$ cat my_file17.cif   # mmCIF, C-alpha atoms and all ligand atoms
data_query
#
loop_
_atom_site.group_PDB
_atom_site.id
_atom_site.type_symbol
_atom_site.label_atom_id
_atom_site.label_comp_id
_atom_site.auth_asym_id
_atom_site.auth_seq_id
_atom_site.Cartn_x
_atom_site.Cartn_y
_atom_site.Cartn_z
ATOM 1 C CA MET A 139 -5.753 9.317 0.112
ATOM 2 C CA GLY A 140 -4.848 12.411 -1.925
ATOM 3 C CA GLY A 141 -7.209 14.505 0.187
ATOM 4 C CA ALA A 142 -5.790 13.096 3.427
ATOM 5 C CA LEU A 143 -2.239 13.895 2.276
ATOM 6 C CA LEU A 144 -3.163 17.448 1.283
ATOM 7 C CA SER A 145 -4.746 18.143 4.657
ATOM 8 C CA LEU A 146 -1.651 16.912 6.526
ATOM 9 C CA ILE A 147 0.867 18.701 4.280
ATOM 10 C CA GLU A 148 -0.919 22.015 4.925
ATOM 11 C CA ASP A 149 0.087 21.863 8.587
ATOM 12 C CA ASP A 150 3.572 20.403 8.111
ATOM 13 C CA ALA A 151 6.376 22.922 7.616
ATOM 14 C CA ARG A 152 8.737 20.185 6.348
ATOM 15 C CA PHE A 153 6.845 20.017 3.028
ATOM 16 C CA ALA A 154 6.038 22.377 0.159
ATOM 17 C CA LEU A 155 3.538 21.024 -2.357
ATOM 18 C CA ALA A 156 4.842 20.977 -5.943
ATOM 19 C CA GLY A 157 1.668 19.601 -7.537
ATOM 20 C CA ALA A 158 -1.395 17.396 -7.095
ATOM 21 C CA LEU A 159 -2.154 14.975 -9.914
ATOM 22 C CA VAL A 160 -5.332 13.054 -10.668
ATOM 23 C CA SER A 161 -6.502 11.072 -13.689
ATOM 24 C CA ALA A 162 -7.242 12.736 -17.055
ATOM 25 C CA ASP A 163 -10.993 12.252 -16.690
ATOM 26 C CA SER A 164 -11.138 13.343 -13.055
ATOM 27 C CA ARG A 165 -13.846 15.783 -11.990
ATOM 28 C CA ARG A 166 -11.159 17.353 -9.754
ATOM 29 C CA VAL A 167 -8.997 18.709 -12.609
ATOM 30 C CA GLY A 168 -8.860 22.503 -12.169
ATOM 31 C CA ALA A 169 -10.325 22.474 -8.641
ATOM 32 C CA PRO A 170 -8.230 23.930 -5.787
ATOM 33 C CA ALA A 171 -5.844 21.363 -4.276
ATOM 34 C CA GLY A 172 -6.676 21.911 -0.617
ATOM 35 C CA HIS A 173 -5.588 25.332 0.632
ATOM 36 C CA HIS A 174 -2.197 25.382 -1.043
ATOM 37 C CA ALA A 175 -1.454 28.870 -2.408
ATOM 38 C CA GLY A 176 -3.207 28.775 -5.772
ATOM 39 C CA LEU A 177 -2.362 25.138 -6.572
ATOM 40 C CA ARG A 178 -5.010 23.266 -8.530
ATOM 41 C CA TYR A 179 -5.445 19.586 -9.287
ATOM 42 C CA ASP A 180 -4.042 18.692 -12.699
ATOM 43 C CA CYS A 181 -3.672 15.590 -14.843
ATOM 44 C CA ASP A 182 -0.510 16.749 -16.628
ATOM 45 C CA TRP A 183 2.950 16.287 -15.141
ATOM 46 C CA ALA A 184 3.998 19.503 -16.941
ATOM 47 C CA ALA A 185 2.007 21.388 -14.299
ATOM 48 C CA VAL A 186 4.213 20.007 -11.528
ATOM 49 C CA GLY A 187 7.175 22.127 -10.435
ATOM 50 C CA PRO A 188 10.623 20.957 -9.303
ATOM 51 C CA LEU A 189 10.382 18.290 -6.627
ATOM 52 C CA ASP A 190 12.372 16.003 -4.333
ATOM 53 C CA VAL A 191 9.843 13.241 -3.730
ATOM 54 C CA VAL A 192 6.590 11.931 -5.215
ATOM 55 C CA ILE A 193 3.928 10.271 -3.037
ATOM 56 C CA ASP A 194 1.697 7.971 -5.066
ATOM 57 C CA PHE A 195 -1.690 6.585 -4.032
ATOM 58 C CA SER A 196 -3.440 6.082 -7.361
ATOM 59 C CA ALA A 197 -3.900 3.045 -9.618
ATOM 60 C CA PRO A 198 -1.585 0.629 -11.458
ATOM 61 C CA ALA A 199 -2.442 2.366 -14.762
ATOM 62 C CA ALA A 200 -0.671 5.502 -13.509
ATOM 63 C CA LEU A 201 2.653 3.671 -13.052
ATOM 64 C CA PRO A 202 4.368 4.171 -16.463
ATOM 65 C CA ALA A 203 4.049 7.983 -16.361
ATOM 66 C CA LEU A 204 4.885 8.020 -12.656
ATOM 67 C CA ILE A 205 8.148 6.120 -13.138
ATOM 68 C CA GLU A 206 9.068 8.082 -16.265
ATOM 69 C CA GLN A 207 8.640 11.393 -14.425
ATOM 70 C CA CYS A 208 10.455 10.304 -11.259
ATOM 71 C CA LEU A 209 13.412 9.116 -13.353
ATOM 72 C CA ALA A 210 13.483 12.288 -15.471
ATOM 73 C CA ARG A 211 13.349 14.480 -12.357
ATOM 74 C CA HIS A 212 15.624 12.280 -10.193
ATOM 75 C CA ALA A 213 12.836 12.294 -7.606
ATOM 76 C CA ALA A 214 12.406 9.738 -4.836
ATOM 77 C CA LEU A 215 9.227 7.655 -5.085
ATOM 78 C CA VAL A 216 6.977 6.569 -2.216
ATOM 79 C CA THR A 217 4.148 4.394 -3.456
ATOM 80 C CA GLY A 218 1.218 2.965 -1.520
ATOM 81 C CA THR A 219 -0.745 1.924 -4.592
ATOM 82 C CA THR A 220 -1.808 -1.740 -4.515
ATOM 83 C CA GLY A 221 -2.850 -4.222 -7.173
ATOM 84 C CA PHE A 222 0.307 -4.130 -9.320
ATOM 85 C CA ASP A 223 0.888 -7.199 -11.507
ATOM 86 C CA ALA A 224 4.267 -8.943 -11.846
ATOM 87 C CA THR A 225 5.314 -6.768 -14.804
ATOM 88 C CA GLN A 226 4.519 -3.565 -12.936
ATOM 89 C CA GLU A 227 6.393 -4.830 -9.868
ATOM 90 C CA ALA A 228 9.385 -5.446 -12.158
ATOM 91 C CA TRP A 229 9.199 -1.838 -13.465
ATOM 92 C CA LEU A 230 9.390 -0.579 -9.875
ATOM 93 C CA ALA A 231 12.379 -2.819 -9.181
ATOM 94 C CA ALA A 232 14.125 -1.525 -12.323
ATOM 95 C CA ALA A 233 13.421 2.108 -11.386
ATOM 96 C CA ALA A 234 15.094 1.525 -8.026
ATOM 97 C CA ALA A 235 18.417 1.131 -9.834
ATOM 98 C CA HIS A 236 18.228 4.887 -10.541
ATOM 99 C CA ILE A 237 16.113 6.482 -7.797
ATOM 100 C CA PRO A 238 15.157 5.634 -4.192
ATOM 101 C CA VAL A 239 11.843 3.733 -4.096
ATOM 102 C CA LEU A 240 9.820 2.881 -1.002
ATOM 103 C CA GLN A 241 6.770 0.709 -1.611
ATOM 104 C CA ALA A 242 4.371 -0.353 1.150
ATOM 105 C CA ALA A 243 0.942 -1.919 0.844
ATOM 106 C CA ASN A 244 0.066 -0.346 4.177
ATOM 107 C CA PHE A 245 1.616 2.676 5.890
ATOM 108 C CA SER A 246 0.130 2.088 9.356
ATOM 109 C CA LEU A 247 2.450 1.329 12.250
ATOM 110 C CA GLY A 248 0.018 -1.303 13.532
ATOM 111 C CA ILE A 249 0.250 -3.290 10.300
ATOM 112 C CA ALA A 250 4.056 -3.092 10.337
ATOM 113 C CA VAL A 251 3.970 -4.750 13.764
ATOM 114 C CA LEU A 252 1.239 -7.193 12.673
ATOM 115 C CA ILE A 253 3.485 -8.425 9.842
ATOM 116 C CA ARG A 254 6.232 -9.197 12.383
ATOM 117 C CA LEU A 255 3.741 -11.012 14.648
ATOM 118 C CA VAL A 256 2.442 -13.051 11.706
ATOM 119 C CA ARG A 257 5.972 -14.137 10.783
ATOM 120 C CA GLU A 258 6.519 -15.336 14.341
ATOM 121 C CA ALA A 259 3.144 -17.092 14.666
ATOM 122 C CA ALA A 260 3.361 -18.763 11.228
ATOM 123 C CA ALA A 261 6.794 -20.193 12.037
ATOM 124 C CA ALA A 262 6.034 -21.209 15.631
ATOM 125 C CA LEU A 263 2.703 -22.818 14.633
ATOM 126 C CA HIS A 264 3.995 -24.128 11.317
ATOM 127 C CA ALA A 265 1.461 -26.959 10.955
ATOM 128 C CA TRP A 266 -1.600 -24.849 11.851
ATOM 129 C CA ASP A 267 -4.104 -23.874 9.151
ATOM 130 C CA LEU A 268 -3.624 -20.200 8.282
ATOM 131 C CA GLU A 269 -6.369 -18.006 6.826
ATOM 132 C CA ILE A 270 -6.395 -14.269 6.067
ATOM 133 C CA LEU A 271 -9.589 -12.205 6.095
ATOM 134 C CA GLU A 272 -9.828 -8.603 4.956
ATOM 135 C CA ALA A 273 -12.649 -6.041 4.776
ATOM 136 C CA HIS A 274 -12.628 -2.718 2.903
ATOM 137 C CA HIS A 275 -14.969 0.002 1.626
ATOM 138 C CA ALA A 276 -17.172 -0.620 -1.394
ATOM 139 C CA ARG A 277 -15.053 1.582 -3.716
ATOM 140 C CA LYS A 278 -11.885 -0.510 -3.449
ATOM 141 C CA HIS A 279 -10.681 -1.762 -6.852
ATOM 142 C CA ASP A 280 -8.326 -4.640 -5.993
ATOM 143 C CA ALA A 281 -8.719 -7.875 -4.050
ATOM 144 C CA PRO A 282 -7.321 -9.318 -1.928
ATOM 145 C CA SER A 283 -5.910 -6.089 -0.472
ATOM 146 C CA GLY A 284 -2.208 -5.407 -0.860
ATOM 147 C CA THR A 285 -1.934 -5.714 2.909
ATOM 148 C CA ALA A 286 -3.561 -9.158 2.936
ATOM 149 C CA LEU A 287 -1.112 -10.282 0.250
ATOM 150 C CA ALA A 288 1.830 -8.855 2.228
ATOM 151 C CA LEU A 289 0.635 -10.702 5.339
ATOM 152 C CA GLY A 290 0.311 -13.896 3.295
ATOM 153 C CA ALA A 291 3.776 -13.456 1.798
ATOM 154 C CA ALA A 292 5.264 -12.924 5.270
ATOM 155 C CA ALA A 293 3.556 -16.070 6.589
ATOM 156 C CA ALA A 294 4.607 -18.125 3.571
ATOM 157 C CA ALA A 295 8.239 -16.978 3.812
ATOM 158 C CA ALA A 296 8.293 -17.772 7.532
ATOM 159 C CA ARG A 297 7.234 -21.321 6.594
ATOM 160 C CA GLY A 298 9.871 -21.665 3.906
ATOM 161 C CA THR A 299 7.461 -21.428 0.996
ATOM 162 C CA SER A 300 6.053 -18.711 -1.270
ATOM 163 C CA LEU A 301 2.668 -17.078 -1.595
ATOM 164 C CA GLU A 302 2.447 -18.336 -5.195
ATOM 165 C CA ALA A 303 2.791 -21.912 -3.938
ATOM 166 C CA ALA A 304 0.544 -21.635 -0.877
ATOM 167 C CA ALA A 305 -2.274 -19.187 -1.695
ATOM 168 C CA VAL A 306 -5.905 -20.220 -2.204
ATOM 169 C CA TYR A 307 -7.899 -17.209 -3.377
ATOM 170 C CA ALA A 308 -11.352 -18.724 -3.948
ATOM 171 C CA ARG A 309 -13.470 -21.587 -2.670
ATOM 172 C CA GLN A 310 -16.784 -22.547 -4.179
ATOM 173 C CA GLY A 311 -18.646 -25.790 -4.790
ATOM 174 C CA GLN A 312 -16.988 -29.190 -4.244
ATOM 175 C CA THR A 313 -13.647 -27.867 -3.001
ATOM 176 C CA GLY A 314 -12.614 -31.019 -1.138
ATOM 177 C CA PRO A 315 -10.776 -30.748 2.175
ATOM 178 C CA ARG A 316 -8.394 -27.902 2.910
ATOM 179 C CA GLY A 317 -4.939 -28.432 1.389
ATOM 180 C CA PRO A 318 -2.220 -28.830 4.045
ATOM 181 C CA GLY A 319 0.063 -25.795 4.215
ATOM 182 C CA SER A 320 -2.247 -23.654 2.123
ATOM 183 C CA ILE A 321 -2.955 -20.009 2.978
ATOM 184 C CA GLY A 322 -6.590 -19.086 2.326
ATOM 185 C CA PHE A 323 -7.915 -15.582 1.609
ATOM 186 C CA ALA A 324 -11.415 -14.212 2.241
ATOM 187 C CA VAL A 325 -12.556 -10.761 1.109
ATOM 188 C CA ILE A 326 -15.409 -8.521 2.278
ATOM 189 C CA ARG A 327 -16.387 -5.253 0.535
ATOM 190 C CA GLY A 328 -18.951 -2.780 1.838
ATOM 191 C CA GLY A 329 -19.789 0.764 2.916
ATOM 192 C CA ASP A 330 -16.980 2.903 4.285
ATOM 193 C CA VAL A 331 -14.808 0.298 6.023
ATOM 194 C CA VAL A 332 -11.333 1.885 6.181
ATOM 195 C CA GLY A 333 -9.428 -1.407 6.348
ATOM 196 C CA GLU A 334 -9.559 -4.513 8.537
ATOM 197 C CA HIS A 335 -7.188 -7.478 8.444
ATOM 198 C CA SER A 336 -7.396 -10.681 10.442
ATOM 199 C CA VAL A 337 -4.869 -13.499 10.335
ATOM 200 C CA GLN A 338 -6.263 -16.658 11.887
ATOM 201 C CA LEU A 339 -4.358 -19.825 12.759
ATOM 202 C CA PHE A 340 -6.310 -22.990 13.529
ATOM 203 C CA ALA A 341 -5.417 -26.274 15.229
ATOM 204 C CA ALA A 342 -7.637 -28.973 16.718
ATOM 205 C CA GLY A 343 -9.151 -27.418 19.845
ATOM 206 C CA GLU A 344 -7.758 -23.883 19.517
ATOM 207 C CA ARG A 345 -7.474 -20.822 17.288
ATOM 208 C CA LEU A 346 -5.172 -17.791 17.358
ATOM 209 C CA GLU A 347 -6.443 -14.541 15.805
ATOM 210 C CA LEU A 348 -4.286 -11.501 15.058
ATOM 211 C CA VAL A 349 -6.416 -8.510 14.055
ATOM 212 C CA HIS A 350 -5.813 -4.939 12.919
ATOM 213 C CA ARG A 351 -8.591 -2.401 12.331
ATOM 214 C CA ALA A 352 -7.900 0.964 10.756
ATOM 215 C CA THR A 353 -10.605 3.527 11.531
ATOM 216 C CA ASP A 354 -9.067 6.656 9.971
ATOM 217 C CA ARG A 355 -7.316 7.009 6.587
ATOM 218 C CA LEU A 356 -5.092 9.725 8.051
ATOM 219 C CA ILE A 357 -2.916 6.997 9.573
ATOM 220 C CA PHE A 358 -1.852 5.879 6.085
ATOM 221 C CA ALA A 359 -1.198 9.451 4.960
ATOM 222 C CA ARG A 360 0.887 10.169 8.086
ATOM 223 C CA GLY A 361 2.984 7.063 7.477
ATOM 224 C CA ALA A 362 3.518 7.958 3.824
ATOM 225 C CA LEU A 363 4.611 11.498 4.719
ATOM 226 C CA GLU A 364 7.136 10.190 7.247
ATOM 227 C CA ALA A 365 8.419 7.800 4.575
ATOM 228 C CA ALA A 366 8.701 10.649 2.036
ATOM 229 C CA TYR A 367 10.635 12.878 4.425
ATOM 230 C CA TRP A 368 13.002 10.004 5.256
ATOM 231 C CA LEU A 369 13.464 8.851 1.655
ATOM 232 C CA ALA A 370 14.127 12.190 -0.083
ATOM 233 C CA GLY A 371 17.826 12.556 -0.866
ATOM 234 C CA LYS A 372 18.711 8.902 -0.193
ATOM 235 C CA PRO A 373 20.792 6.933 -2.762
ATOM 236 C CA ALA A 374 18.978 4.874 -5.413
ATOM 237 C CA GLY A 375 17.613 1.539 -4.169
ATOM 238 C CA ARG A 376 14.632 -0.196 -2.656
ATOM 239 C CA TYR A 377 13.601 0.875 0.834
ATOM 240 C CA THR A 378 11.021 -0.575 3.205
ATOM 241 C CA LEU A 379 8.841 0.751 5.979
ATOM 242 C CA ASP A 380 10.582 -1.714 8.296
ATOM 243 C CA ALA A 381 13.939 -0.073 7.516
ATOM 244 C CA LEU A 382 12.451 3.343 8.313
ATOM 245 C CA LEU A 383 11.045 2.070 11.613
ATOM 246 C CA ALA A 384 14.363 0.437 12.495
ATOM 247 C CA ALA A 385 16.217 3.690 11.690
ATOM 248 C CA ARG A 386 13.803 5.655 13.903
ATOM 249 C CA ALA A 387 14.069 3.125 16.749
ATOM 250 C CA GLY A 388 17.858 2.998 16.628
HETATM 251 N N1 LIG A 401 -0.425 1.698 1.280
HETATM 252 C C1 LIG A 401 -1.430 2.192 2.019
HETATM 253 O O1 LIG A 401 -1.291 2.447 3.235
HETATM 254 C C2 LIG A 401 -2.731 2.483 1.351
HETATM 255 C C3 LIG A 401 -2.895 2.155 0.031
HETATM 256 N N2 LIG A 401 -4.028 2.500 -0.626
HETATM 257 C C4 LIG A 401 -4.042 2.228 -2.061
HETATM 258 O O2 LIG A 401 -3.863 3.471 -2.735
HETATM 259 C C5 LIG A 401 -4.573 3.446 -3.978
HETATM 260 C C6 LIG A 401 -5.538 4.620 -4.039
HETATM 261 O O3 LIG A 401 -6.491 4.470 -3.027
HETATM 262 P P1 LIG A 401 -7.625 5.590 -2.796
HETATM 263 O O4 LIG A 401 -7.017 6.908 -2.527
HETATM 264 O O5 LIG A 401 -8.570 5.014 -1.816
HETATM 265 O O6 LIG A 401 -8.324 5.570 -4.240
HETATM 266 P P2 LIG A 401 -9.196 6.700 -4.944
HETATM 267 O O7 LIG A 401 -9.869 6.013 -6.080
HETATM 268 O O8 LIG A 401 -10.004 7.434 -3.942
HETATM 269 O O9 LIG A 401 -8.105 7.721 -5.497
HETATM 270 C C7 LIG A 401 -7.206 7.375 -6.517
HETATM 271 C C8 LIG A 401 -6.619 8.652 -7.091
HETATM 272 O O10 LIG A 401 -5.713 8.307 -8.144
HETATM 273 C C9 LIG A 401 -6.097 9.009 -9.315
HETATM 274 N N3 LIG A 401 -5.824 8.192 -10.485
HETATM 275 C C10 LIG A 401 -6.422 7.047 -10.874
HETATM 276 N N4 LIG A 401 -5.897 6.603 -12.028
HETATM 277 C C11 LIG A 401 -4.945 7.487 -12.377
HETATM 278 C C12 LIG A 401 -4.054 7.588 -13.482
HETATM 279 N N5 LIG A 401 -4.039 6.672 -14.452
HETATM 280 N N6 LIG A 401 -3.203 8.647 -13.520
HETATM 281 C C13 LIG A 401 -3.224 9.582 -12.556
HETATM 282 N N7 LIG A 401 -4.039 9.536 -11.486
HETATM 283 C C14 LIG A 401 -4.885 8.501 -11.398
HETATM 284 C C15 LIG A 401 -7.595 9.261 -9.163
HETATM 285 O O11 LIG A 401 -8.044 10.324 -9.947
HETATM 286 P P3 LIG A 401 -9.648 10.630 -10.044
HETATM 287 O O12 LIG A 401 -9.814 11.977 -9.454
HETATM 288 O O13 LIG A 401 -9.973 10.513 -11.477
HETATM 289 O O14 LIG A 401 -10.375 9.608 -9.247
HETATM 290 C C16 LIG A 401 -7.665 9.579 -7.673
HETATM 291 O O15 LIG A 401 -7.304 10.914 -7.429
HETATM 292 C C17 LIG A 401 -5.238 2.071 -4.046
HETATM 293 O O16 LIG A 401 -4.384 1.201 -4.779
HETATM 294 C C18 LIG A 401 -5.305 1.619 -2.585
HETATM 295 O O17 LIG A 401 -5.334 0.239 -2.420
HETATM 296 C C19 LIG A 401 -5.043 3.151 -0.019
HETATM 297 C C20 LIG A 401 -4.947 3.470 1.301
HETATM 298 C C21 LIG A 401 -3.792 3.159 2.098
HETATM 299 O O1 LIG A 402 -7.837 0.679 -0.704
HETATM 300 C C1 LIG A 402 -7.726 0.945 0.522
HETATM 301 O O2 LIG A 402 -8.521 1.682 1.115
HETATM 302 C C2 LIG A 402 -6.603 0.379 1.253
HETATM 303 N N1 LIG A 402 -5.712 -0.302 0.575
HETATM 304 C C3 LIG A 402 -4.529 -0.868 1.068
HETATM 305 C C4 LIG A 402 -4.467 -2.336 0.758
HETATM 306 O O3 LIG A 402 -4.896 -2.746 -0.330
HETATM 307 O O4 LIG A 402 -3.962 -3.092 1.574
HETATM 308 C C5 LIG A 402 -4.225 -0.499 2.495
HETATM 309 C C6 LIG A 402 -5.401 -0.204 3.373
HETATM 310 O O5 LIG A 402 -5.913 -1.403 3.881
HETATM 311 C C7 LIG A 402 -6.470 0.639 2.703
#
$ encode --input "my_file17.cif" --output "C-alpha cells" --more "lines below"
Ligand SMILES: NC(=O)C1=CN([C@@H]2O[C@H](COP(=O)(O)OP(=O)(O)OC[C@H]3O[C@@H](n4cnc5c(N)ncnc54)[C@H](OP(=O)(O)O)[C@@H]3O)[C@@H](O)[C@H]2O)C=CC1
Ligand SMILES: O=C(O)C1=N[C@H](C(=O)O)C[C@H](O)C1
Amino acid sequence: MGGALLSLIEDDARFALAGALVSADSRRVGAPAGHHAGLRYDCDWAAVGPLDVVIDFSAPAALPALIEQCLARHAALVTGTTGFDATQEAWLAAAAAHIPVLQAANFSLGIAVLIRLVREAAAALHAWDLEILEAHHARKHDAPSGTALALGAAAAAARGTSLEAAAVYARQGQTGPRGPGSIGFAVIRGGDVVGEHSVQLFAAGERLELVHRATDRLIFARGALEAAYWLAGKPAGRYTLDALLAARAG
C-alpha cells in the first residue's frame, strides 16, 4: 500500500510528502521513496519533517509509535491497518480525544456501499443464515480480513446483536448443525488476490449473494488520500468513511 500511495501522491498537487516509514528491519530503509525529491524510506520518525496528516497501512505492532508521534505532532491520523486487538482499538479511541482519527478496514467506495446493503439485507432477512467469505493474497497476515469483520459487525448490529455474540470463525469435525442467528466466516488465501468479499444469506429454496471484488490496490490508496485531505485540520474525534462520503454527497 505504501508504494501505491507514493505513486498517487507524486501526481497530486494537494500533497507534499514529509516522510515514508517502514519497519526497522526493512530492506527498503535508505532506498528512494518513489520519485519524491531526495526522500528515502526510513524507520525512524526523527527523519520525518513537519506534517499535517499521517496515512498508516502497516501492522498492529507499529501502533504505539504511530500514536505517540501523531499526538506529539498534533497530526491527524488515517489508518487502514487491520488486525488490531481490543487493547489496540482502545488506544486509537483514546488518541481520538486529542487528534482527528479516521479508521477504515477498507477504503474502497464499493465496500462502503456493500456495508450499507448488508445492513439492509441482514435486517430485512433477519432469520436467514448469514455467511461471509473472503479471499486475499498469500502475503496477508490477518484473518478474517478487517473488511469481513466490518461486514459481520454491520450485519450483527442490524440484527440487534454483536459480532462477539454471533461470530463463528472455524468449523471442523463434528460441528453439529448451524447455530441459529450465527454469522459464519470462511477465509481463502492465495497468489495475488487483491481482495474479494462475499456476504451470502440463505433460506430454504433461495440464496442472496452480495459480492465485491477489488482488482487494483490503487482504489484503497485513492480512498485513503481523499480521507487524509478531508481529515487534516479537523477537530479531535473519531471520523468514518461514511461521514466523508455523506459530506461529499451533501
Ligand atoms: N483499509 C484498506 O483499504 C486496506 C488495508 N490494508 C491493510 O494495511 C496493512 C498493510 O497492508 P500491505 O501494505 O498489504 O502490507 P505490506 O506487508 O506490504 O506492507 C506493510 C508495511 O508496513 C511496514 N511495517 C510493518 N511493521 C512495521 C512497524 N512495526 N513499524 C513501521 N512499519 C512497519 C512494512 O515495512 P517492511 O518494509 O519491513 O515490510 C511495510 O512497509 C494490513 O493490515 C492490511 O490488511 C491493506 C490494503 C487496503
Ligand atoms: O491485506 C489486504 O490486502 C487488504 N486488507 C484489508 C482487509 O483486511 O480488509 C482491505 C482489503 O481487502 C485488502
$ closest_residue --input "my_file17.cif" --among "A:Ala304, A:Leu155, A:Leu263, A:Ala292" --to "A:Arg316" --atoms "all atoms listed in the file"
A:Ala304
$ resolve_selection --input "my_file17.cif" --expression "the PyMOL selection byres (((not hetatm)) within 8 of (chain A and resi 401))" --output "MDAnalysis selection string"
chainID A and resid 139:140 159:167 181 194:201 203 217:221 241:246 277:280 283:285 355 357:359 361:362
$ write_last_selection --input "my_file17.cif" --atoms "C-alpha atoms" --output "PDB file, in the frame of the given file"
ATOM      1  CA  MET A 139      -5.753   9.317   0.112  1.00  0.00           C
ATOM      2  CA  GLY A 140      -4.848  12.411  -1.925  1.00  0.00           C
ATOM      3  CA  LEU A 159      -2.154  14.975  -9.914  1.00  0.00           C
ATOM      4  CA  VAL A 160      -5.332  13.054 -10.668  1.00  0.00           C
ATOM      5  CA  SER A 161      -6.502  11.072 -13.689  1.00  0.00           C
ATOM      6  CA  ALA A 162      -7.242  12.736 -17.055  1.00  0.00           C
ATOM      7  CA  ASP A 163     -10.993  12.252 -16.690  1.00  0.00           C
ATOM      8  CA  SER A 164     -11.138  13.343 -13.055  1.00  0.00           C
ATOM      9  CA  ARG A 165     -13.846  15.783 -11.990  1.00  0.00           C
ATOM     10  CA  ARG A 166     -11.159  17.353  -9.754  1.00  0.00           C
ATOM     11  CA  VAL A 167      -8.997  18.709 -12.609  1.00  0.00           C
ATOM     12  CA  CYS A 181      -3.672  15.590 -14.843  1.00  0.00           C
ATOM     13  CA  ASP A 194       1.697   7.971  -5.066  1.00  0.00           C
ATOM     14  CA  PHE A 195      -1.690   6.585  -4.032  1.00  0.00           C
ATOM     15  CA  SER A 196      -3.440   6.082  -7.361  1.00  0.00           C
ATOM     16  CA  ALA A 197      -3.900   3.045  -9.618  1.00  0.00           C
ATOM     17  CA  PRO A 198      -1.585   0.629 -11.458  1.00  0.00           C
ATOM     18  CA  ALA A 199      -2.442   2.366 -14.762  1.00  0.00           C
ATOM     19  CA  ALA A 200      -0.671   5.502 -13.509  1.00  0.00           C
ATOM     20  CA  LEU A 201       2.653   3.671 -13.052  1.00  0.00           C
ATOM     21  CA  ALA A 203       4.049   7.983 -16.361  1.00  0.00           C
ATOM     22  CA  THR A 217       4.148   4.394  -3.456  1.00  0.00           C
ATOM     23  CA  GLY A 218       1.218   2.965  -1.520  1.00  0.00           C
ATOM     24  CA  THR A 219      -0.745   1.924  -4.592  1.00  0.00           C
ATOM     25  CA  THR A 220      -1.808  -1.740  -4.515  1.00  0.00           C
ATOM     26  CA  GLY A 221      -2.850  -4.222  -7.173  1.00  0.00           C
ATOM     27  CA  GLN A 241       6.770   0.709  -1.611  1.00  0.00           C
ATOM     28  CA  ALA A 242       4.371  -0.353   1.150  1.00  0.00           C
ATOM     29  CA  ALA A 243       0.942  -1.919   0.844  1.00  0.00           C
ATOM     30  CA  ASN A 244       0.066  -0.346   4.177  1.00  0.00           C
ATOM     31  CA  PHE A 245       1.616   2.676   5.890  1.00  0.00           C
ATOM     32  CA  SER A 246       0.130   2.088   9.356  1.00  0.00           C
ATOM     33  CA  ARG A 277     -15.053   1.582  -3.716  1.00  0.00           C
ATOM     34  CA  LYS A 278     -11.885  -0.510  -3.449  1.00  0.00           C
ATOM     35  CA  HIS A 279     -10.681  -1.762  -6.852  1.00  0.00           C
ATOM     36  CA  ASP A 280      -8.326  -4.640  -5.993  1.00  0.00           C
ATOM     37  CA  SER A 283      -5.910  -6.089  -0.472  1.00  0.00           C
ATOM     38  CA  GLY A 284      -2.208  -5.407  -0.860  1.00  0.00           C
ATOM     39  CA  THR A 285      -1.934  -5.714   2.909  1.00  0.00           C
ATOM     40  CA  ARG A 355      -7.316   7.009   6.587  1.00  0.00           C
ATOM     41  CA  ILE A 357      -2.916   6.997   9.573  1.00  0.00           C
ATOM     42  CA  PHE A 358      -1.852   5.879   6.085  1.00  0.00           C
ATOM     43  CA  ALA A 359      -1.198   9.451   4.960  1.00  0.00           C
ATOM     44  CA  GLY A 361       2.984   7.063   7.477  1.00  0.00           C
ATOM     45  CA  ALA A 362       3.518   7.958   3.824  1.00  0.00           C
TER      46      ALA A 362
END
$ residues_around --input "my_file17.cif" --residues "A:Glu302" --least-positions-apart "4" --cutoff "10 Å" --atoms "only C-alpha atoms" --output "mmCIF file with C-alpha atoms, in the coordinates of the input"
data_model
loop_
_atom_site.group_PDB
_atom_site.id
_atom_site.type_symbol
_atom_site.label_atom_id
_atom_site.label_comp_id
_atom_site.auth_asym_id
_atom_site.auth_seq_id
_atom_site.Cartn_x
_atom_site.Cartn_y
_atom_site.Cartn_z
ATOM 1 C CA GLY A 290 0.311 -13.896 3.295
ATOM 2 C CA ALA A 291 3.776 -13.456 1.798
ATOM 3 C CA ALA A 294 4.607 -18.125 3.571
ATOM 4 C CA VAL A 306 -5.905 -20.220 -2.204
ATOM 5 C CA ILE A 321 -2.955 -20.009 2.978
#
$ axis_aligned_box --input "my_file17.cif" --around "ligand LIG 402 (chain A)" --padding-each-side "5 Å" --output "AutoDock Vina command-line options"
--center_x -6.2 --center_y -0.7 --center_z 1.6 --size_x 14.6 --size_y 14.8 --size_z 14.6
$ residues_around --input "my_file17.cif" --residues "A:Ala213" --least-positions-apart "4" --cutoff "7 Å" --atoms "all atoms listed in the file" --output "PyMOL selection string"
chain A and resi 189-192+208-209+237
$ closest_residue --input "my_file17.cif" --among "A:His264, A:Arg254, A:His274, A:Arg152" --to "A:Gly319" --atoms "all atoms listed in the file"
A:His264
$ resolve_selection --input "my_file17.cif" --expression "the PyMOL selection byres (((chain A and resi 229) around 12) and not hetatm)" --output "JSON, numbers by chain"
{"A": [198, 201, 202, 203, 204, 205, 206, 209, 222, 223, 224, 225, 226, 227, 228, 230, 231, 232, 233, 234, 235, 236, 239]}
$ atom_distance --input "my_file17.cif" --atom1 "atom CA of A:Ala260" --atom2 "atom O5 of ligand LIG 402 (chain A)"
21.0 Å
$ residues_near_point --input "my_file17.cif" --point "(-13.7, -23.3, 5.1)" --cutoff "12 Å" --atoms "only C-alpha atoms" --output "list in words"
Asp267, Leu268, Glu269, Ile270, Leu271, Val306, Tyr307, Ala308, Arg309, Gln310, Gly311, Gln312, Thr313, Gly314, Pro315, Arg316, Gly317, Ser320, Ile321, Gly322, Phe323, Ala324 and Phe340 of chain A
$ atom_distance --input "my_file17.cif" --atom1 "atom CA of A:Gly172" --atom2 "atom CA of A:Glu148"
8.0 Å
$ atom_distance --input "my_file17.cif" --atom1 "atom CA of A:Val349" --atom2 "atom CA of A:Pro318"
23.0 Å
$ closest_residue --input "my_file17.cif" --among "A:Ala281, A:Ile253, A:Leu382, A:Val325" --to "A:His350" --atoms "only C-alpha atoms"
A:Ile253
$ resolve_selection --input "my_file17.cif" --expression "the PyMOL selection byres (((chain A and resi 332) around 10) and not hetatm)" --output "list of chain:residue names"
A:Ala273, A:His274, A:His275, A:Ala276, A:Lys278, A:Gly328, A:Gly329, A:Asp330, A:Val331, A:Gly333, A:Glu334, A:Arg351, A:Ala352, A:Thr353, A:Asp354, A:Arg355
